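Student: Input: one structure, supplied below.
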Amino acid sequence: MCGIVGYVGKGDAVPVLMNGLSKLEYRGYDSAGVAVYDDTSKNVNICKTKGRIQNLQDKLYLTPLKGRLGIGHTRWATHGEPSDINAHPHSSGKEKIAVVHNGIIENYMALKEELMDKGYKFLSETDTEIVAQLIDYYYSKDSNLMSAVFKVIERIEGSYALGIICSDFPDRIIAVRKDSPLVIGLGEEENFIASDMPAILNYTRNVYLVEDNEVALITKDNVKIFDNNGSEVKKEVFKVDWDIEAAEKSGYDHFMLKEIYEQPKVVKDNIASRLLDDGISLDKVKLDKDDISKIDRIYVVACGTAYYAGLVGRYLIERVVRRPVSAEVASEFRYKDPIIDEKTLVIVVSQSGETADTLAAMRLAQKAGARTLAVVNVVGSSIAREADDVIYTLAGPEIAVASTKAFTAQVVVMSLLALKLALELEKISIEKYRQIKTEMEKLPSLVNKILNKEPVIKRFMHKYIGSKNVFYIGRGLDYIVSMEGSLKLKEIAYLHSEPYAAGELKHGPISLIEESTLVVGVVTQEELFEKSVSNMRECKSRGAKVLAVAMDGNSEIRKYADDVFFIPRTHWMLTPILANIPQQIFAYHMALGLGNDVDKPRNLAKSVTVE
Ligand code: G6P
């Protein structure tokens with residue numbers, strides 16, 4: 001997804017912009033560019049190109065840009081193919097005004113026609129170019145850049161974070177935000193803008209979080225932020241406490257591997273201050289018996305991996321709390337006219353807190369009167385700010401597109417939430433809770449034990465890398481783990497894989513089983529063991545290879561599988577946390593073995609901020 005960085009200060013802008021863009025690579029992009037004000041020619045010069053940031057670096061080597069004011073962008077195509085012309089920044093006619101934009105201008109066609117009637121010419125197919133041209137149009141009337149920007153935001157509809165520079169004002173960046181993240185980094189005689197913290201973490205930890213419909217005027221010594229009426233807004237400085245190391249690879253070959261190995265800490269961080277002796281404390285969320293009794297309908301809404309974490313939550317709340325819960329993917333939930341009222345609780349799960357469908361689903365629920373509870377990783381993200389209650393997943397920045405540690409954190413939090421509800425409604429005793437708490441506290445070291453067996457999984461990769469189709473099967477919680485395992489393999493290994501409820505195999509997919517098929521059978525739910533292994537046997541007898549994930553000590557499983565990965569024993573509720581980790585490592589090694597770009601898989605974006 002697109003990324004923005006901007007610099008105004010005493011230093012050279014280009015290295016800062018390029019560094020920032022490289023930190024935004026993980027968001028997924030197909031082109032990149034920078035616009036820099038040149039003190040000598042008094043022009044804004046643009047350099048942009050399709051492809052990787054290295055291509056931009058090469059282009060800048062041939063035609064260097066120099067200046068102390070600039071904006072940069074990584075683009076993920078939405079309007080018009082990935083190309084040099086469609087890459088950002090976009091400019092008005094003579095590159096007087098340059099703009100970078102994240103989001104979508106929904107009414108851009110009508111505005112484009114209006115401007116074309118006035119004689120404006122467009123070079124690109126993008127919605128963004130109209131922003132630059134429309135600013136130019138209003139600016140040409142009274143040479144007041146700020147008022148031109150205000151007029152433009154009255155005209156444009158959709159979502160946008162904008163960074164704007166103009167050759168008539170070499171001392172400033174104007175930044176605007178609506179429904180797309182934007183922060184302002186505060187430095188000494190230099191200031192920054194960014195769509196995402198890692199872009200500026202090398203330079204500052206002090207930021208202003210720009211809110212929707214705010215406009216900022218940023219010079220090297222000053223930042224002024226205005227609401228959409230033009231009144232100045234006073235902001236608190238937000239201190240980013242992420243370690244800079246946390247946003248980098250720390251010696252691992254890939255961000256994904258680093259993030260997989262961070263999971264013991266992530267699990268620990270998520271339980272540390274929450275598992276109390278006499279109950280569970282979920283940050284500032286108040287969910288006592290009284291609150292819960294007011295709720296008669298619960299939805300869990302999310303996208304992608306977060307949705308699977310949501311499914312674990314639904315399963316546990318239903319099994320342990322005995323309250324019905326619907327889990328829905330956000331893009332479906334939004335359009336089905338869901339039944340929502342003041343007695344509805346909508347739990348949204350999102351790593352980024354910016355996923356367009358999840359955010360829209362949450363807003364829809366709020367409008368209909370529901371109470372919303374967000375399980376979010378990114379502090380200060382839109383979902384986190386707008387939800388009634390937030391539980392942070394404390395996973396730190398997740399850079400690899402394929403989610404690993406964020407999923408684990410989400411599952412831990414959903415498990416805590418289920419336990420909290422169960423305790424409040426007296427569905428489990430305090431003694432029972434304490435037993436589960438003891439098991440939870442062992443999880444970080446159990447995750448470590450699994451990580452220590454990475455070489456075993458690497459051997460499986462060598463054995464199964466030639467598989468043409470992969471089925472992941474399981475029952476109950478194991479089925480949910482299968483869904484996430486299969487998604488991971490699709491995302492980064494680009495292998496066709498499907499998750500199936502093991503009992504459904506006979507209703508169709510078994511016809512696809514042949515010798516080149518790999519079946520990954522997850523069998524941690526011992527009450528369902530006999531049923532699941534009988535499905536695995538059906539696959540094996542039709543020529544498939546079977547790789548099982550089972551609990552330590554279950555020697556019986558060897559009869560039904562070609563290979564087994566054993567995970568340490570734990571309470572049945574907690575098995576998804578452990579059983580998912582070998583799936584992550586397997587997908588990682590399969591992707592590597594197949595020569596894929598593990599951290600930046602093709603066609604995928606980390607944060608899907610368009611619908
Ligand atoms: C994209 C990412 C997934 C993520 C999903 C939802 O598809 O590639 O890893 O699970 O979006 O994102 P969210 O930030 O809302 O969890």
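The way I read the labels, and the way they are meant: chains A, B, ... in the order of the structure tokens, residue 1 as the first residue of every chain, and ligand 1 as the first ligand shown, with later ones counted on from there.
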What residues of the protein or nucleic acid chains come within 10 Å of ligand 1 when you use only C-alpha atoms and all ligand atoms? Reply as JSON, numbers by chain.
Tutor: {"A": [1, 27, 28, 301, 302, 303, 304, 305, 306, 307, 308, 309, 329, 330, 348, 349, 350, 351, 352, 353, 354, 355, 356, 357, 358, 359, 375, 376, 377, 378, 383, 398, 400, 401, 402, 403, 404, 406, 407, 410, 484, 487, 488, 491, 600, 601, 603, 604, 605, 606, 607, 608, 609]}
Student: From the DSSP assignment of the backbone, select every residue of stretch 279-404 of chain A that is strand (DSSP E), and format the answer as a PDB file with N, CA, C and O atoms, in the first residue's frame.
Tutor:
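Listing of result14.pdb after writing:
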```
ATOM      1  N   GLY A 279      -8.134 -12.564  38.257  1.00  0.00           N
ATOM      2  CA  GLY A 279      -8.900 -12.281  37.052  1.00  0.00           C
ATOM      3  C   GLY A 279      -8.038 -11.650  35.977  1.00  0.00           C
ATOM      4  O   GLY A 279      -6.815 -11.604  36.108  1.00  0.00           O
ATOM      5  N   ILE A 280      -8.718 -11.162  34.935  1.00  0.00           N
ATOM      6  CA  ILE A 280      -7.972 -10.632  33.788  1.00  0.00           C
ATOM      7  C   ILE A 280      -8.214  -9.136  33.662  1.00  0.00           C
ATOM      8  O   ILE A 280      -9.357  -8.675  33.744  1.00  0.00           O
ATOM      9  N   ARG A 297     -25.974  -9.498  21.335  1.00  0.00           N
ATOM     10  CA  ARG A 297     -25.466 -10.002  20.043  1.00  0.00           C
ATOM     11  C   ARG A 297     -23.991  -9.614  19.940  1.00  0.00           C
ATOM     12  O   ARG A 297     -23.626  -8.475  20.239  1.00  0.00           O
ATOM     13  N   ILE A 298     -23.176 -10.563  19.542  1.00  0.00           N
ATOM     14  CA  ILE A 298     -21.737 -10.280  19.406  1.00  0.00           C
ATOM     15  C   ILE A 298     -21.286 -10.638  17.991  1.00  0.00           C
ATOM     16  O   ILE A 298     -21.603 -11.730  17.482  1.00  0.00           O
ATOM     17  N   TYR A 299     -20.589  -9.705  17.359  1.00  0.00           N
ATOM     18  CA  TYR A 299     -19.944  -9.998  16.076  1.00  0.00           C
ATOM     19  C   TYR A 299     -18.440  -9.850  16.246  1.00  0.00           C
ATOM     20  O   TYR A 299     -17.975  -8.981  16.980  1.00  0.00           O
ATOM     21  N   VAL A 300     -17.704 -10.676  15.508  1.00  0.00           N
ATOM     22  CA  VAL A 300     -16.268 -10.449  15.361  1.00  0.00           C
ATOM     23  C   VAL A 300     -16.055 -10.158  13.882  1.00  0.00           C
ATOM     24  O   VAL A 300     -16.498 -10.933  13.019  1.00  0.00           O
ATOM     25  N   VAL A 301     -15.420  -9.011  13.577  1.00  0.00           N
ATOM     26  CA  VAL A 301     -15.297  -8.576  12.180  1.00  0.00           C
ATOM     27  C   VAL A 301     -13.832  -8.251  11.892  1.00  0.00           C
ATOM     28  O   VAL A 301     -13.186  -7.546  12.675  1.00  0.00           O
ATOM     29  N   ALA A 302     -13.329  -8.743  10.768  1.00  0.00           N
ATOM     30  CA  ALA A 302     -11.922  -8.499  10.424  1.00  0.00           C
ATOM     31  C   ALA A 302     -11.662  -8.958   8.992  1.00  0.00           C
ATOM     32  O   ALA A 302     -12.580  -9.434   8.312  1.00  0.00           O
ATOM     33  N   VAL A 325     -21.865 -16.098  18.913  1.00  0.00           N
ATOM     34  CA  VAL A 325     -21.039 -15.047  18.292  1.00  0.00           C
ATOM     35  C   VAL A 325     -21.028 -15.298  16.795  1.00  0.00           C
ATOM     36  O   VAL A 325     -20.864 -16.431  16.343  1.00  0.00           O
ATOM     37  N   SER A 326     -21.192 -14.230  16.008  1.00  0.00           N
ATOM     38  CA  SER A 326     -21.016 -14.373  14.552  1.00  0.00           C
ATOM     39  C   SER A 326     -19.668 -13.791  14.190  1.00  0.00           C
ATOM     40  O   SER A 326     -19.307 -12.724  14.679  1.00  0.00           O
ATOM     41  N   ALA A 327     -18.955 -14.482  13.318  1.00  0.00           N
ATOM     42  CA  ALA A 327     -17.691 -13.925  12.809  1.00  0.00           C
ATOM     43  C   ALA A 327     -17.870 -13.659  11.321  1.00  0.00           C
ATOM     44  O   ALA A 327     -18.402 -14.499  10.594  1.00  0.00           O
ATOM     45  N   GLU A 328     -17.457 -12.486  10.902  1.00  0.00           N
ATOM     46  CA  GLU A 328     -17.708 -12.101   9.507  1.00  0.00           C
ATOM     47  C   GLU A 328     -16.472 -11.417   8.945  1.00  0.00           C
ATOM     48  O   GLU A 328     -15.825 -10.628   9.648  1.00  0.00           O
ATOM     49  N   VAL A 329     -16.202 -11.649   7.661  1.00  0.00           N
ATOM     50  CA  VAL A 329     -15.157 -10.834   7.033  1.00  0.00           C
ATOM     51  C   VAL A 329     -15.770  -9.446   6.793  1.00  0.00           C
ATOM     52  O   VAL A 329     -16.936  -9.319   6.418  1.00  0.00           O
ATOM     53  N   THR A 344     -25.678  -4.525  20.718  1.00  0.00           N
ATOM     54  CA  THR A 344     -24.707  -5.310  19.940  1.00  0.00           C
ATOM     55  C   THR A 344     -23.286  -4.904  20.323  1.00  0.00           C
ATOM     56  O   THR A 344     -22.987  -3.717  20.470  1.00  0.00           O
ATOM     57  N   LEU A 345     -22.438  -5.908  20.447  1.00  0.00           N
ATOM     58  CA  LEU A 345     -21.002  -5.653  20.628  1.00  0.00           C
ATOM     59  C   LEU A 345     -20.302  -6.104  19.350  1.00  0.00           C
ATOM     60  O   LEU A 345     -20.462  -7.246  18.918  1.00  0.00           O
ATOM     61  N   VAL A 346     -19.555  -5.190  18.732  1.00  0.00           N
ATOM     62  CA  VAL A 346     -18.791  -5.561  17.538  1.00  0.00           C
ATOM     63  C   VAL A 346     -17.309  -5.507  17.889  1.00  0.00           C
ATOM     64  O   VAL A 346     -16.788  -4.454  18.260  1.00  0.00           O
ATOM     65  N   ILE A 347     -16.683  -6.672  17.805  1.00  0.00           N
ATOM     66  CA  ILE A 347     -15.242  -6.757  18.083  1.00  0.00           C
ATOM     67  C   ILE A 347     -14.533  -6.726  16.738  1.00  0.00           C
ATOM     68  O   ILE A 347     -14.778  -7.586  15.890  1.00  0.00           O
ATOM     69  N   VAL A 348     -13.714  -5.706  16.499  1.00  0.00           N
ATOM     70  CA  VAL A 348     -12.960  -5.677  15.244  1.00  0.00           C
ATOM     71  C   VAL A 348     -11.507  -6.026  15.553  1.00  0.00           C
ATOM     72  O   VAL A 348     -10.965  -5.611  16.572  1.00  0.00           O
ATOM     73  N   VAL A 349     -10.917  -6.801  14.662  1.00  0.00           N
ATOM     74  CA  VAL A 349      -9.526  -7.237  14.860  1.00  0.00           C
ATOM     75  C   VAL A 349      -8.713  -6.724  13.677  1.00  0.00           C
ATOM     76  O   VAL A 349      -9.089  -6.940  12.521  1.00  0.00           O
ATOM     77  N   SER A 350      -7.642  -6.019  13.965  1.00  0.00           N
ATOM     78  CA  SER A 350      -6.836  -5.482  12.864  1.00  0.00           C
ATOM     79  C   SER A 350      -5.417  -5.203  13.338  1.00  0.00           C
ATOM     80  O   SER A 350      -5.224  -4.556  14.358  1.00  0.00           O
ATOM     81  N   ARG A 371     -21.770  -1.065  20.466  1.00  0.00           N
ATOM     82  CA  ARG A 371     -20.539  -0.778  21.192  1.00  0.00           C
ATOM     83  C   ARG A 371     -19.414  -1.481  20.425  1.00  0.00           C
ATOM     84  O   ARG A 371     -19.579  -2.626  19.989  1.00  0.00           O
ATOM     85  N   THR A 372     -18.294  -0.793  20.236  1.00  0.00           N
ATOM     86  CA  THR A 372     -17.215  -1.408  19.460  1.00  0.00           C
ATOM     87  C   THR A 372     -15.983  -1.601  20.334  1.00  0.00           C
ATOM     88  O   THR A 372     -15.617  -0.723  21.122  1.00  0.00           O
ATOM     89  N   LEU A 373     -15.378  -2.740  20.141  1.00  0.00           N
ATOM     90  CA  LEU A 373     -14.153  -3.090  20.868  1.00  0.00           C
ATOM     91  C   LEU A 373     -13.121  -3.477  19.816  1.00  0.00           C
ATOM     92  O   LEU A 373     -13.354  -4.395  19.025  1.00  0.00           O
ATOM     93  N   ALA A 374     -12.013  -2.754  19.775  1.00  0.00           N
ATOM     94  CA  ALA A 374     -11.001  -3.031  18.747  1.00  0.00           C
ATOM     95  C   ALA A 374      -9.816  -3.760  19.351  1.00  0.00           C
ATOM     96  O   ALA A 374      -9.324  -3.389  20.410  1.00  0.00           O
ATOM     97  N   VAL A 375      -9.373  -4.793  18.643  1.00  0.00           N
ATOM     98  CA  VAL A 375      -8.151  -5.503  18.994  1.00  0.00           C
ATOM     99  C   VAL A 375      -7.142  -5.097  17.919  1.00  0.00           C
ATOM    100  O   VAL A 375      -7.226  -5.539  16.773  1.00  0.00           O
ATOM    101  N   VAL A 376      -6.247  -4.193  18.274  1.00  0.00           N
ATOM    102  CA  VAL A 376      -5.443  -3.493  17.263  1.00  0.00           C
ATOM    103  C   VAL A 376      -3.975  -3.501  17.666  1.00  0.00           C
ATOM    104  O   VAL A 376      -3.646  -3.448  18.851  1.00  0.00           O
ATOM    105  N   ASP A 389     -13.654   0.968  22.750  1.00  0.00           N
ATOM    106  CA  ASP A 389     -12.616   0.384  23.610  1.00  0.00           C
ATOM    107  C   ASP A 389     -11.536  -0.233  22.737  1.00  0.00           C
ATOM    108  O   ASP A 389     -11.829  -0.704  21.637  1.00  0.00           O
ATOM    109  N   VAL A 390     -10.329  -0.247  23.250  1.00  0.00           N
ATOM    110  CA  VAL A 390      -9.220  -0.839  22.488  1.00  0.00           C
ATOM    111  C   VAL A 390      -8.418  -1.771  23.384  1.00  0.00           C
ATOM    112  O   VAL A 390      -8.107  -1.430  24.525  1.00  0.00           O
ATOM    113  N   ILE A 391      -8.090  -2.925  22.832  1.00  0.00           N
ATOM    114  CA  ILE A 391      -7.063  -3.768  23.462  1.00  0.00           C
ATOM    115  C   ILE A 391      -5.925  -3.830  22.452  1.00  0.00           C
ATOM    116  O   ILE A 391      -6.126  -4.271  21.309  1.00  0.00           O
ATOM    117  N   TYR A 392      -4.760  -3.377  22.860  1.00  0.00           N
ATOM    118  CA  TYR A 392      -3.616  -3.416  21.942  1.00  0.00           C
ATOM    119  C   TYR A 392      -2.960  -4.789  21.966  1.00  0.00           C
ATOM    120  O   TYR A 392      -2.857  -5.414  23.022  1.00  0.00           O
TER     121      TYR A 392
END
```
Student: With only C-alpha atoms as the counted atoms, please give the residues lying no more than 8 Å from A:Ala132, apart from itself and same-chain residues fewer than 2 positions off, as a list of chain:residue names.
Tutor: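 Non-adjacent residues within range: A:His90, A:Ser91, A:Ser92, A:Ile97, A:Ala98, A:Val99, A:Thr128, A:Glu129, A:Ile130, A:Leu134, A:Ile135, A:Asp136.
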Student: If we count only C-alpha atoms, what is near A:Leu417 at a cut-off of 9 Å, once residues fewer than 2 positions away on the same chain are taken out, given as a ChimeraX atom specification?
Tutor: /A:280,282,313,317,412-415,419-422
Student: Any chance you could export the current selection's N, CA and C atoms as a PDB file, in the first residue's frame?
Tutor:
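Output below, filename part_3.pdb:
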```pdb
ATOM      1  N   ILE A 280      -8.718 -11.162  34.935  1.00  0.00           N
ATOM      2  CA  ILE A 280      -7.972 -10.632  33.788  1.00  0.00           C
ATOM      3  C   ILE A 280      -8.214  -9.136  33.662  1.00  0.00           C
ATOM      4  N   LEU A 282      -7.913  -6.111  31.106  1.00  0.00           N
ATOM      5  CA  LEU A 282      -7.709  -5.854  29.676  1.00  0.00           C
ATOM      6  C   LEU A 282      -7.557  -4.363  29.430  1.00  0.00           C
ATOM      7  N   GLY A 313     -11.343 -16.443  18.422  1.00  0.00           N
ATOM      8  CA  GLY A 313     -12.088 -15.739  19.469  1.00  0.00           C
ATOM      9  C   GLY A 313     -13.535 -16.195  19.511  1.00  0.00           C
ATOM     10  N   ILE A 317     -15.245 -18.017  22.689  1.00  0.00           N
ATOM     11  CA  ILE A 317     -16.354 -17.365  23.412  1.00  0.00           C
ATOM     12  C   ILE A 317     -17.572 -18.292  23.404  1.00  0.00           C
ATOM     13  N   VAL A 412      -3.776 -14.529  21.260  1.00  0.00           N
ATOM     14  CA  VAL A 412      -3.602 -14.438  22.724  1.00  0.00           C
ATOM     15  C   VAL A 412      -4.664 -13.492  23.296  1.00  0.00           C
ATOM     16  N   VAL A 413      -4.819 -12.339  22.661  1.00  0.00           N
ATOM     17  CA  VAL A 413      -5.777 -11.356  23.185  1.00  0.00           C
ATOM     18  C   VAL A 413      -7.208 -11.899  23.104  1.00  0.00           C
ATOM     19  N   MET A 414      -7.551 -12.566  22.011  1.00  0.00           N
ATOM     20  CA  MET A 414      -8.907 -13.118  21.906  1.00  0.00           C
ATOM     21  C   MET A 414      -9.125 -14.200  22.974  1.00  0.00           C
ATOM     22  N   SER A 415      -8.075 -14.942  23.286  1.00  0.00           N
ATOM     23  CA  SER A 415      -8.198 -15.970  24.334  1.00  0.00           C
ATOM     24  C   SER A 415      -8.405 -15.308  25.691  1.00  0.00           C
ATOM     25  N   LEU A 419     -11.653 -15.643  28.156  1.00  0.00           N
ATOM     26  CA  LEU A 419     -11.515 -16.010  29.571  1.00  0.00           C
ATOM     27  C   LEU A 419     -12.112 -14.950  30.475  1.00  0.00           C
ATOM     28  N   LYS A 420     -11.894 -13.698  30.100  1.00  0.00           N
ATOM     29  CA  LYS A 420     -12.432 -12.582  30.893  1.00  0.00           C
ATOM     30  C   LYS A 420     -13.967 -12.666  30.945  1.00  0.00           C
ATOM     31  N   LEU A 421     -14.577 -12.879  29.773  1.00  0.00           N
ATOM     32  CA  LEU A 421     -16.036 -12.966  29.734  1.00  0.00           C
ATOM     33  C   LEU A 421     -16.515 -14.172  30.548  1.00  0.00           C
ATOM     34  N   ALA A 422     -15.786 -15.276  30.403  1.00  0.00           N
ATOM     35  CA  ALA A 422     -16.181 -16.493  31.119  1.00  0.00           C
ATOM     36  C   ALA A 422     -16.124 -16.282  32.640  1.00  0.00           C
TER      37      ALA A 422
END
```
Student: For A:Asn45, which residue out of A:Pro264, A:Gly466, A:Gly369, A:Gly72 is the nearest one, using only C-alpha atoms?
Tutor: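 Smallest distance to A:Asn45 is found for A:Gly72.
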Student: Step one, run DSSP on the backbone; step two, keep only residues of stretch 328-442 of chain A assigned to helix (DSSP H, G or I); then write them as a ChimeraX atom specification.
Tutor: /A:330-333,356-367,382-386,405-424,430-442
Student: So, counting only C-alpha atoms, which residue among A:Ala272, A:Met197, A:Leu145, A:Val312 is closest to A:Ile164?
Tutor: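 Using only C-alpha atoms, the shortest distance to A:Ile164 belongs to A:Leu145.
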Student: Name the residues in contact with A:Ala548 at a cut-off of 8 Å, using only C-alpha atoms, excluding same-chain residues fewer than 5 positions from it; report them as a list in words.
Tutor: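 The neighbour list is Val520, Gly521, Val522, Val523, Ile557, Ala561, Asp562, Asp563, Val564 and Phe565 of chain A.
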Student: Output C-alpha atoms for every residue in the selection just made, as a compact mmCIF listing (two decimals), in the first residue's frame.
Tutor:
```
# COMPACT_ATOMS: atom_id res chain seq x y z
CA VAL A 520 -1.24 -31.08 6.30
CA GLY A 521 -3.36 -32.51 9.10
CA VAL A 522 -3.61 -30.52 12.31
CA VAL A 523 -4.64 -32.80 15.19
CA ILE A 557 -0.39 -40.32 14.97
CA ALA A 561 1.13 -39.61 8.74
CA ASP A 562 4.33 -39.69 6.69
CA ASP A 563 5.85 -37.06 8.96
CA VAL A 564 4.82 -35.49 12.23
CA PHE A 565 5.71 -32.19 13.83
```
Student: In terms of the shortest atom-to-atom distance over only C-alpha atoms, which of A:Lys141, A:Tyr7, A:Gly67, A:Ala365 is closest to A:Glu189?
Tutor: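 Ranking A:Lys141, A:Tyr7, A:Gly67, A:Ala365 by distance to A:Glu189, first place goes to A:Tyr7.
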Student: Taking into account only C-alpha atoms, which residue in the set A:His254, A:Lys449, A:His73, A:Lys265 is nearest to A:His589?
Tutor: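 Closest candidate: A:His254.
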Student: Near A:Ile165, within 12 Å and counting only C-alpha atoms, which residues show up once chain neighbours fewer than 3 positions away are dropped, as a PyMOL selection string?
Tutor: chain A and resi 6-8+34-38+43-46+68-72+89-92+95-100+132+135-136+145-146+149+162+168-176+193+217-219
Student: One decimal, in Å: what's the spacing between atom CA of A:Lys343 and atom CA of A:Glu426?
Tutor: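 For atom CA of A:Lys343 relative to atom CA of A:Glu426, the distance reads 20.6 Å.
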Student: Tell me which of A:Leu451, A:Ile200, A:Ala501, A:Ala32 sits closest to A:Pro568, counting only C-alpha atoms.
Tutor: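 For A:Pro568, the nearest of the given residues is A:Leu451.
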Student: Write out as a list in words the residues lying within 9 Å of A:Ala368, counting only C-alpha atoms and excluding same-chain residues fewer than 2 positions away.
Tutor: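 Contacts, in chain order: Ile339, Ile340, Asp341, Glu342, Arg363, Leu364, Ala365, Gln366 and Ala370 of chain A.
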Student: Would you output that residue set with N, CA, C and O atoms, as a tab-separated table (two decimals), in the first residue's frame?
Tutor:
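out.tsv was written with the following content:
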```
chain	number	residue	atom	x	y	z
A	339	ILE	N	-27.69	-7.05	11.39
A	339	ILE	CA	-28.62	-6.71	12.47
A	339	ILE	C	-27.79	-6.14	13.63
A	339	ILE	O	-27.01	-6.86	14.25
A	340	ILE	N	-27.95	-4.84	13.84
A	340	ILE	CA	-27.14	-4.17	14.88
A	340	ILE	C	-28.04	-3.21	15.65
A	340	ILE	O	-28.85	-2.51	15.04
A	341	ASP	N	-27.89	-3.19	16.95
A	341	ASP	CA	-28.53	-2.12	17.72
A	341	ASP	C	-27.68	-1.83	18.96
A	341	ASP	O	-26.54	-2.27	19.04
A	342	GLU	N	-28.24	-1.11	19.90
A	342	GLU	CA	-27.46	-0.69	21.08
A	342	GLU	C	-27.01	-1.87	21.92
A	342	GLU	O	-26.14	-1.74	22.76
A	363	ARG	N	-17.30	1.63	11.66
A	363	ARG	CA	-18.07	2.89	11.65
A	363	ARG	C	-19.55	2.62	11.44
A	363	ARG	O	-20.41	3.26	12.06
A	364	LEU	N	-19.84	1.67	10.57
A	364	LEU	CA	-21.24	1.32	10.32
A	364	LEU	C	-21.89	0.81	11.61
A	364	LEU	O	-23.00	1.20	11.96
A	365	ALA	N	-21.15	-0.03	12.32
A	365	ALA	CA	-21.68	-0.58	13.56
A	365	ALA	C	-21.92	0.53	14.58
A	365	ALA	O	-22.94	0.55	15.28
A	366	GLN	N	-20.98	1.46	14.64
A	366	GLN	CA	-21.13	2.56	15.60
A	366	GLN	C	-22.35	3.41	15.27
A	366	GLN	O	-23.11	3.82	16.14
A	370	ALA	N	-24.02	0.25	17.97
A	370	ALA	CA	-23.29	-0.84	18.64
A	370	ALA	C	-22.15	-0.28	19.48
A	370	ALA	O	-21.61	0.79	19.21
```
Student: Return the single residue from A:Ser534, A:Asn206, A:Ser281, A:Thr575 that is closest to A:Lys559, with distances computed using only C-alpha atoms.
Tutor: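 Looking at the shortest contact to A:Lys559, the residue is A:Ser534.
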